[in-house]
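The structure file final09.pdb is reproduced below (PDB, C-alpha atoms).
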MODEL        1
ATOM      1  CA  MET O 221     -17.310  -1.820   0.391
ATOM      2  CA  THR O 222     -17.576  -3.570  -2.975
ATOM      3  CA  LYS O 223     -15.887  -1.983  -5.984
ATOM      4  CA  LEU O 224     -18.275  -0.265  -8.384
ATOM      5  CA  THR O 225     -18.220  -1.182 -12.019
ATOM      6  CA  HIS O 226     -18.199   1.650 -14.533
ATOM      7  CA  ALA O 227     -21.873   1.023 -15.346
ATOM      8  CA  ALA O 228     -22.849   1.072 -11.680
ATOM      9  CA  ALA O 229     -20.960   4.320 -11.182
ATOM     10  CA  VAL O 230     -22.829   5.917 -14.091
ATOM     11  CA  MET O 231     -26.158   4.741 -12.670
ATOM     12  CA  ALA O 232     -25.243   6.124  -9.258
ATOM     13  CA  LEU O 233     -24.545   9.514 -10.780
ATOM     14  CA  THR O 234     -27.697   9.440 -12.879
ATOM     15  CA  PHE O 235     -30.154   8.387 -10.211
ATOM     16  CA  GLY O 236     -28.482   9.940  -7.202
ATOM     17  CA  VAL O 237     -27.557   6.628  -5.537
ATOM     18  CA  SER O 238     -24.142   7.052  -3.959
ATOM     19  CA  ALA O 239     -21.996   6.142  -0.982
ATOM     20  CA  PRO O 240     -22.728   7.927   2.286
ATOM     21  CA  LEU O 241     -21.569  11.531   2.288
ATOM     22  CA  THR O 242     -19.094  10.925   5.085
ATOM     23  CA  ALA O 243     -17.309   8.189   3.132
ATOM     24  CA  GLN O 244     -17.307  10.291  -0.041
ATOM     25  CA  ASN O 245     -15.832  13.239   1.828
ATOM     26  CA  GLY O 246     -13.232  10.919   3.346
ATOM     27  CA  ALA O 247     -12.176   9.721  -0.108
ATOM     28  CA  GLU O 248     -11.857  13.224  -1.519
ATOM     29  CA  THR O 249     -10.055  14.523   1.573
ATOM     30  CA  ALA O 250      -7.538  11.675   1.434
ATOM     31  CA  TYR O 251      -7.014  12.174  -2.303
ATOM     32  CA  ASP O 252      -6.577  15.964  -1.967
ATOM     33  CA  ARG O 253      -3.976  15.517   0.768
ATOM     34  CA  ILE O 254      -1.778  13.187  -1.277
ATOM     35  CA  ALA O 255      -2.258  15.157  -4.526
ATOM     36  CA  LYS O 256      -1.151  18.348  -2.778
ATOM     37  CA  ALA O 257       2.012  16.695  -1.465
ATOM     38  CA  TRP O 258       2.721  15.222  -4.913
ATOM     39  CA  LYS O 259       2.428  18.670  -6.486
ATOM     40  CA  ASP O 260       5.352  19.826  -4.340
ATOM     41  CA  THR O 261       7.462  16.734  -5.075
ATOM     42  CA  ARG O 262      10.132  17.228  -7.734
ATOM     43  CA  THR O 263      12.077  13.981  -7.361
ATOM     44  CA  LEU O 264      11.168  10.592  -5.954
ATOM     45  CA  GLU O 265      12.826   7.275  -5.232
ATOM     46  CA  ALA O 266      10.609   4.330  -4.318
ATOM     47  CA  ASN O 267      10.965   0.572  -4.110
ATOM     48  CA  PHE O 268       8.049  -1.502  -5.331
ATOM     49  CA  ASP O 269       6.598  -4.981  -5.646
ATOM     50  CA  GLN O 270       4.311  -5.599  -8.613
ATOM     51  CA  LYS O 271       1.841  -8.309  -9.570
ATOM     52  CA  ILE O 272       0.209  -8.380 -13.004
ATOM     53  CA  THR O 273      -2.712 -10.746 -13.519
ATOM     54  CA  ASN O 274      -3.908 -11.426 -17.060
ATOM     55  CA  PRO O 275      -7.323 -13.157 -17.084
ATOM     56  CA  LEU O 276      -7.097 -13.809 -20.831
ATOM     57  CA  LEU O 277      -3.940 -15.877 -20.373
ATOM     58  CA  GLY O 278      -4.978 -17.199 -16.976
ATOM     59  CA  ARG O 279      -1.686 -16.360 -15.307
ATOM     60  CA  SER O 280       0.061 -13.866 -13.050
ATOM     61  CA  VAL O 281       3.620 -12.560 -13.018
ATOM     62  CA  THR O 282       5.424 -10.807 -10.197
ATOM     63  CA  SER O 283       8.318  -8.384 -10.240
ATOM     64  CA  LYS O 284      10.094  -5.863  -8.035
ATOM     65  CA  GLY O 285      12.480  -2.987  -8.480
ATOM     66  CA  VAL O 286      13.288   0.683  -7.991
ATOM     67  CA  PHE O 287      11.271   3.570  -9.373
ATOM     68  CA  LEU O 288      12.871   7.002  -9.906
ATOM     69  CA  GLN O 289      11.094  10.123 -11.062
ATOM     70  CA  GLU O 290      12.068  13.686 -11.837
ATOM     71  CA  ARG O 291       9.143  15.886 -12.651
ATOM     72  CA  PRO O 292       8.106  16.792 -15.183
ATOM     73  CA  GLY O 293       8.209  13.804 -17.446
ATOM     74  CA  LYS O 294      11.260  11.743 -16.473
ATOM     75  CA  VAL O 295      10.938   8.219 -15.095
ATOM     76  CA  SER O 296      13.187   5.230 -14.593
ATOM     77  CA  ILE O 297      12.122   1.731 -13.588
ATOM     78  CA  THR O 298      14.985  -0.657 -12.865
ATOM     79  CA  PHE O 299      13.828  -4.164 -12.103
ATOM     80  CA  THR O 300      15.723  -6.272  -9.621
ATOM     81  CA  GLN O 301      13.383  -9.158 -10.358
ATOM     82  CA  PRO O 302      13.647 -10.007 -13.191
ATOM     83  CA  ALA O 303      17.132  -8.524 -13.084
ATOM     84  CA  GLY O 304      18.208  -6.617 -16.191
ATOM     85  CA  ASP O 305      14.786  -5.351 -17.244
ATOM     86  CA  ARG O 306      14.507  -1.577 -17.451
ATOM     87  CA  ILE O 307      12.092   1.139 -18.589
ATOM     88  CA  VAL O 308      13.371   4.702 -19.041
ATOM     89  CA  GLY O 309      11.563   7.859 -20.074
ATOM     90  CA  ASP O 310      13.653  10.999 -20.569
ATOM     91  CA  GLY O 311      10.707  13.256 -21.370
ATOM     92  CA  LYS O 312      10.997  12.796 -25.125
ATOM     93  CA  THR O 313      11.554   9.073 -25.626
ATOM     94  CA  LEU O 314      10.429   5.976 -23.766
ATOM     95  CA  TRP O 315      12.823   3.023 -23.817
ATOM     96  CA  VAL O 316      11.406  -0.390 -22.906
ATOM     97  CA  TYR O 317      14.109  -3.029 -22.461
ATOM     98  CA  LEU O 318      12.801  -6.356 -21.154
ATOM     99  CA  PRO O 319      15.356  -9.068 -21.940
ATOM    100  CA  SER O 320      13.523 -11.471 -19.611
ATOM    101  CA  SER O 321      10.604 -11.641 -22.060
ATOM    102  CA  ALA O 322      11.929 -10.068 -25.284
ATOM    103  CA  PRO O 323      15.650 -10.849 -25.512
ATOM    104  CA  GLY O 324      17.705  -9.010 -28.097
ATOM    105  CA  GLN O 325      15.226  -6.160 -28.518
ATOM    106  CA  VAL O 326      14.514  -2.741 -27.076
ATOM    107  CA  LEU O 327      11.459  -0.624 -27.860
ATOM    108  CA  LYS O 328      11.972   3.057 -28.627
ATOM    109  CA  LEU O 329       8.623   4.832 -28.300
ATOM    110  CA  PRO O 330       7.423   8.437 -28.241
ATOM    111  CA  GLY O 331       7.340  10.012 -24.816
ATOM    112  CA  ASP O 332       3.537  10.252 -24.957
ATOM    113  CA  ALA O 333       2.909   6.600 -25.868
ATOM    114  CA  ASP O 334       0.518   4.587 -23.710
ATOM    115  CA  GLY O 335       3.520   2.825 -22.221
ATOM    116  CA  ALA O 336       4.784   6.174 -20.953
ATOM    117  CA  VAL O 337       1.463   6.740 -19.223
ATOM    118  CA  VAL O 338       1.797   3.404 -17.448
ATOM    119  CA  ALA O 339       5.430   4.110 -16.525
ATOM    120  CA  ASP O 340       4.367   7.457 -15.071
ATOM    121  CA  LEU O 341       1.336   5.977 -13.367
ATOM    122  CA  LEU O 342       1.645   8.074 -10.211
ATOM    123  CA  GLY O 343       1.727  11.271 -12.218
ATOM    124  CA  GLN O 344      -1.282  10.157 -14.246
ATOM    125  CA  LEU O 345      -3.302   9.513 -11.089
ATOM    126  CA  LEU O 346      -2.109  12.398  -8.913
ATOM    127  CA  GLU O 347      -1.373  15.255 -11.327
ATOM    128  CA  THR O 348      -4.556  15.019 -13.369
ATOM    129  CA  PRO O 349      -7.233  17.400 -12.042
ATOM    130  CA  LYS O 350      -9.912  15.812  -9.900
ATOM    131  CA  ARG O 351     -12.537  16.610 -12.493
ATOM    132  CA  ALA O 352     -11.014  13.912 -14.685
ATOM    133  CA  PHE O 353     -12.128  11.204 -12.233
ATOM    134  CA  ILE O 354     -15.179  10.081 -10.327
ATOM    135  CA  ILE O 355     -13.817   9.658  -6.795
ATOM    136  CA  SER O 356     -15.418   7.216  -4.388
ATOM    137  CA  GLY O 357     -14.609   4.883  -1.526
ATOM    138  CA  GLY O 358     -12.774   6.248   1.488
ATOM    139  CA  ASP O 359     -13.016   3.119   3.637
ATOM    140  CA  ALA O 360     -10.240   2.367   6.144
ATOM    141  CA  VAL O 361      -7.853  -0.479   5.254
ATOM    142  CA  THR O 362      -4.723  -1.617   7.121
ATOM    143  CA  ILE O 363      -1.780  -2.727   4.945
ATOM    144  CA  ASP O 364       1.305  -4.168   6.661
ATOM    145  CA  GLY O 365       0.422  -2.251   9.812
ATOM    146  CA  ARG O 366      -0.221   1.020   7.970
ATOM    147  CA  ALA O 367      -3.568   2.768   8.279
ATOM    148  CA  THR O 368      -4.759   3.747   4.790
ATOM    149  CA  ARG O 369      -7.831   5.047   3.000
ATOM    150  CA  ARG O 370      -8.903   3.146  -0.092
ATOM    151  CA  VAL O 371      -9.903   5.575  -2.838
ATOM    152  CA  GLN O 372     -11.340   4.475  -6.170
ATOM    153  CA  LEU O 373     -10.963   6.500  -9.371
ATOM    154  CA  LEU O 374     -13.105   6.029 -12.460
ATOM    155  CA  PRO O 375     -12.059   8.143 -15.469
ATOM    156  CA  ARG O 376     -14.872  10.354 -16.718
ATOM    157  CA  ASN O 377     -13.481   9.938 -20.227
ATOM    158  CA  PRO O 378     -12.397   6.272 -20.542
ATOM    159  CA  ASP O 379     -10.548   7.040 -23.790
ATOM    160  CA  ALA O 380      -8.253   9.548 -22.086
ATOM    161  CA  VAL O 381      -6.287   6.988 -20.050
ATOM    162  CA  PRO O 382      -5.246   3.359 -20.712
ATOM    163  CA  PHE O 383      -7.204   1.906 -17.790
ATOM    164  CA  GLN O 384     -10.829   1.421 -16.795
ATOM    165  CA  LYS O 385     -10.459   1.783 -13.066
ATOM    166  CA  ALA O 386      -7.804   2.686 -10.513
ATOM    167  CA  THR O 387      -7.649   2.197  -6.770
ATOM    168  CA  LEU O 388      -5.273   4.020  -4.435
ATOM    169  CA  TRP O 389      -4.531   3.037  -0.860
ATOM    170  CA  LEU O 390      -3.421   6.331   0.726
ATOM    171  CA  ASP O 391      -1.397   6.505   3.934
ATOM    172  CA  GLU O 392      -3.204   8.203   6.826
ATOM    173  CA  GLN O 393       0.017   9.408   8.480
ATOM    174  CA  THR O 394       2.408  10.222   5.634
ATOM    175  CA  PRO O 395       1.148  11.913   2.429
ATOM    176  CA  ARG O 396       1.926   9.032   0.097
ATOM    177  CA  PRO O 397       0.255   6.137  -1.692
ATOM    178  CA  VAL O 398       0.979   2.721  -0.208
ATOM    179  CA  ARG O 399      -0.575   0.637  -2.954
ATOM    180  CA  VAL O 400      -1.871   1.320  -6.473
ATOM    181  CA  GLN O 401      -4.066  -0.877  -8.650
ATOM    182  CA  VAL O 402      -5.150  -0.284 -12.233
ATOM    183  CA  ILE O 403      -7.332  -2.502 -14.421
ATOM    184  CA  ASP O 404      -7.245  -1.988 -18.175
ATOM    185  CA  GLY O 405      -9.825  -2.586 -20.880
ATOM    186  CA  GLN O 406      -8.771  -6.226 -21.287
ATOM    187  CA  GLY O 407      -9.169  -6.891 -17.580
ATOM    188  CA  VAL O 408      -5.420  -6.992 -16.938
ATOM    189  CA  ASP O 409      -4.906  -6.193 -13.258
ATOM    190  CA  ARG O 410      -1.699  -4.359 -12.240
ATOM    191  CA  LEU O 411      -1.155  -4.181  -8.460
ATOM    192  CA  ILE O 412       1.821  -2.180  -7.188
ATOM    193  CA  THR O 413       2.857  -2.017  -3.535
ATOM    194  CA  LEU O 414       5.297   0.784  -2.713
ATOM    195  CA  THR O 415       7.587  -0.654  -0.047
ATOM    196  CA  SER O 416       9.561   2.583   0.368
ATOM    197  CA  TRP O 417       8.937   6.231  -0.483
ATOM    198  CA  THR O 418      11.601   8.967  -0.559
ATOM    199  CA  PRO O 419      10.402  12.303  -1.986
ATOM    200  CA  GLY O 420      13.083  14.889  -2.693
ATOM    201  CA  ALA O 421      15.689  12.178  -3.252
ATOM    202  CA  THR O 422      19.040  13.059  -4.838
ATOM    203  CA  LEU O 423      19.116  11.060  -8.052
ATOM    204  CA  PRO O 424      22.118   9.943 -10.151
ATOM    205  CA  ARG O 425      22.927  12.206 -13.091
ATOM    206  CA  ASP O 426      22.461   9.346 -15.528
ATOM    207  CA  ALA O 427      19.228   8.105 -13.940
ATOM    208  CA  PHE O 428      17.199   8.840 -17.069
ATOM    209  CA  ARG O 429      19.783   7.944 -19.680
ATOM    210  CA  PHE O 430      19.506   4.719 -21.658
ATOM    211  CA  SER O 431      22.269   3.226 -23.788
ATOM    212  CA  VAL O 432      21.288   0.477 -26.204
ATOM    213  CA  PRO O 433      23.250  -2.667 -25.313
ATOM    214  CA  LYS O 434      25.571  -4.021 -27.959
ATOM    215  CA  GLY O 435      23.861  -6.407 -30.349
ATOM    216  CA  VAL O 436      20.343  -5.400 -29.297
ATOM    217  CA  LYS O 437      17.896  -4.475 -32.055
ATOM    218  CA  VAL O 438      15.881  -1.258 -31.736
ATOM    219  CA  ALA O 439      12.184  -1.502 -32.612
ATOM    220  CA  THR O 440       9.884   1.496 -32.895
ATOM    221  CA  LYS O 441       6.494  -0.225 -32.904
ATOM    222  CA  LEU O 442       4.726  -2.319 -30.305
ATOM    223  CA  PRO O 443       4.358  -5.973 -31.342
ATOM    224  CA  MET O 444       0.839  -6.982 -32.387
TER     225      MET O 444
ENDMDL
END
Give the structure from this file in structure tokens form.
Amino acid sequence: MTKLTHAAAVMALTFGVSAPLTAQNGAETAYDRIAKAWKDTRTLEANFDQKITNPLLGRSVTSKGVFLQERPGKVSITFTQPAGDRIVGDGKTLWVYLPSSAPGQVLKLPGDADGAVVADLLGQLLETPKRAFIISGGDAVTIDGRATRRVQLLPRNPDAVPFQKATLWLDEQTPRPVRVQVIDGQGVDRLITLTSWTPGATLPRDAFRFSVPKGVKVATKLPM
């Protein structure tokens, strides 16, 4: 099934042209199952591989690392590639430390900044009520031997989230996402594959604590 653009989705709603009912029901059933499991998840540890493609720059970058979450509002992303990069949200402040691309600087942002939304991408996609999205898809896709359902989410209010479209590949056996893709207003494509998934994990006490490295300058505004 081809991915609908936002305009095509609006036309489908307006004129009643939509995917077959069985596929639509499959998408919503798969989404409901994972969202319900996420609602009962307080802590999470997951390993991930990430690929970000920027069509404006004509290049892609890859990374991998460990994602920790304690709900509500706390996230930690520790990159193993590139090693040393880290993003930490303690519920009040978001720290973005990326010495691989911005050496000698760390960003200190409000906890509700757009960057925090991206860091807490799973929460944004699974905690938000279904009425916030147009849900479609539901086709079967196998990823690394896993049977999944591909579910597409279009925000009903594009200004409410920092992306135009999201796609979730949801495991048919275990209530978890296997892969997540978001595309923002500039066409930047972020594809995240979750290579492990441990809900209810016991997390280190300092998992969401960030200490500014010696000699690193703290900035409070995103660069232009």
For segment 291-299 of chain O, work out the shell of residues within 6 Å, counting only C-alpha atoms and skipping chain neighbours fewer than 2 positions away, then give it as an MDAnalysis selection string.
chainID O and resid 262 284:289 301:303 305:311 428
Å distance separating atom CA of Arg253 of chain O from atom CA of Leu411 of chain O, one decimal place
21.9 Å
The PyMOL selection byres ((chain O and resi 385) around 10) on the file shown: which residues, as a list in words?
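Taken on the displayed file, the PyMOL selection byres ((chain O and resi 385) around 10) yields the residues Lys223, Leu224, Thr225, His226, Phe353, Ile354, Gln372, Leu373, Leu374, Pro375, Pro378, Val381, Pro382, Phe383, Gln384, Ala386, Thr387, Gln401, Val402, Ile403, Asp404, Gly405, Gly407 and Asp409 of chain O.
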So for segment 359-375 of chain O, what box centre and size do we get, axis-aligned, 4 Å extra on each of the six sides, every listed atom, Å to one decimal, as lines of an AutoDock Vina configuration file?
center_x = -5.9
center_y = 2.0
center_z = -2.8
size_x = 22.4
size_y = 20.3
size_z = 33.3
Quick one: apply the PyMOL selection byres ((chain O and resi 276-278) around 12) to the file and drop the selected residues here as JSON, numbers by chain.
{"O": [272, 273, 274, 275, 279, 280, 281, 405, 406, 407, 408, 409]}
Answer key for the PyMOL selection byres ((chain O and resi 349) around 12), residues as a tab-separated table (two decimals) with C-alpha atoms, in the coordinates of the input:
chain	number	residue	atom	x	y	z
O	251	TYR	CA	-7.01	12.17	-2.30
O	252	ASP	CA	-6.58	15.96	-1.97
O	255	ALA	CA	-2.26	15.16	-4.53
O	256	LYS	CA	-1.15	18.35	-2.78
O	259	LYS	CA	2.43	18.67	-6.49
O	343	GLY	CA	1.73	11.27	-12.22
O	344	GLN	CA	-1.28	10.16	-14.25
O	345	LEU	CA	-3.30	9.51	-11.09
O	346	LEU	CA	-2.11	12.40	-8.91
O	347	GLU	CA	-1.37	15.26	-11.33
O	348	THR	CA	-4.56	15.02	-13.37
O	350	LYS	CA	-9.91	15.81	-9.90
O	351	ARG	CA	-12.54	16.61	-12.49
O	352	ALA	CA	-11.01	13.91	-14.68
O	353	PHE	CA	-12.13	11.20	-12.23
O	354	ILE	CA	-15.18	10.08	-10.33
O	355	ILE	CA	-13.82	9.66	-6.80
O	373	LEU	CA	-10.96	6.50	-9.37
O	375	PRO	CA	-12.06	8.14	-15.47
O	376	ARG	CA	-14.87	10.35	-16.72
Length of the atom CA of Trp389 of chain O to atom CA of Val361 of chain O vector [Å]:
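Separation between atom CA of Trp389 of chain O and atom CA of Val361 of chain O: 7.8 Å.
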Between atom CA of Tyr317 of chain O and atom CA of Phe430 of chain O, measure the distance and give it in Å to one decimal.
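These atoms are spaced 9.5 Å apart.
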Show me as an MDAnalysis selection string the residues that reach within 8 Å of (9.6, 15.8, -1.1), counting only C-alpha atoms and using the file's own coordinates.
chainID O and resid 257:258 260:264 418:421
For segment 362-368 of chain O, find every residue with an atom within 10 Å (counting only C-alpha atoms), except residues of its own chain fewer than 2 positions away, and show them as a PDB file with C-alpha atoms, in the frame of the given file.
ATOM      1  CA  ALA O 250      -7.538  11.675   1.434  1.00  0.00           C
ATOM      2  CA  GLY O 358     -12.774   6.248   1.488  1.00  0.00           C
ATOM      3  CA  ASP O 359     -13.016   3.119   3.637  1.00  0.00           C
ATOM      4  CA  ALA O 360     -10.240   2.367   6.144  1.00  0.00           C
ATOM      5  CA  ARG O 370      -8.903   3.146  -0.092  1.00  0.00           C
ATOM      6  CA  VAL O 371      -9.903   5.575  -2.838  1.00  0.00           C
ATOM      7  CA  LEU O 388      -5.273   4.020  -4.435  1.00  0.00           C
ATOM      8  CA  TRP O 389      -4.531   3.037  -0.860  1.00  0.00           C
ATOM      9  CA  LEU O 390      -3.421   6.331   0.726  1.00  0.00           C
ATOM     10  CA  ASP O 391      -1.397   6.505   3.934  1.00  0.00           C
ATOM     11  CA  GLU O 392      -3.204   8.203   6.826  1.00  0.00           C
ATOM     12  CA  GLN O 393       0.017   9.408   8.480  1.00  0.00           C
ATOM     13  CA  THR O 394       2.408  10.222   5.634  1.00  0.00           C
ATOM     14  CA  ARG O 396       1.926   9.032   0.097  1.00  0.00           C
ATOM     15  CA  PRO O 397       0.255   6.137  -1.692  1.00  0.00           C
ATOM     16  CA  VAL O 398       0.979   2.721  -0.208  1.00  0.00           C
ATOM     17  CA  ARG O 399      -0.575   0.637  -2.954  1.00  0.00           C
ATOM     18  CA  THR O 413       2.857  -2.017  -3.535  1.00  0.00           C
ATOM     19  CA  THR O 415       7.587  -0.654  -0.047  1.00  0.00           C
TER      20      THR O 415
END
Gln325 of chain O surroundings by only C-alpha atoms, 9 Å radius, close-in-sequence under 4 positions cut, as a ChimeraX atom specification
/O:316-319,435-439
From O:Ala380, O:Thr440, O:Ala266, O:Gly357, residue lying nearest Gly246 of chain O [all atoms listed in the file]:
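Nearest candidate to Gly246 of chain O out of O:Ala380, O:Thr440, O:Ala266, O:Gly357: O:Gly357.
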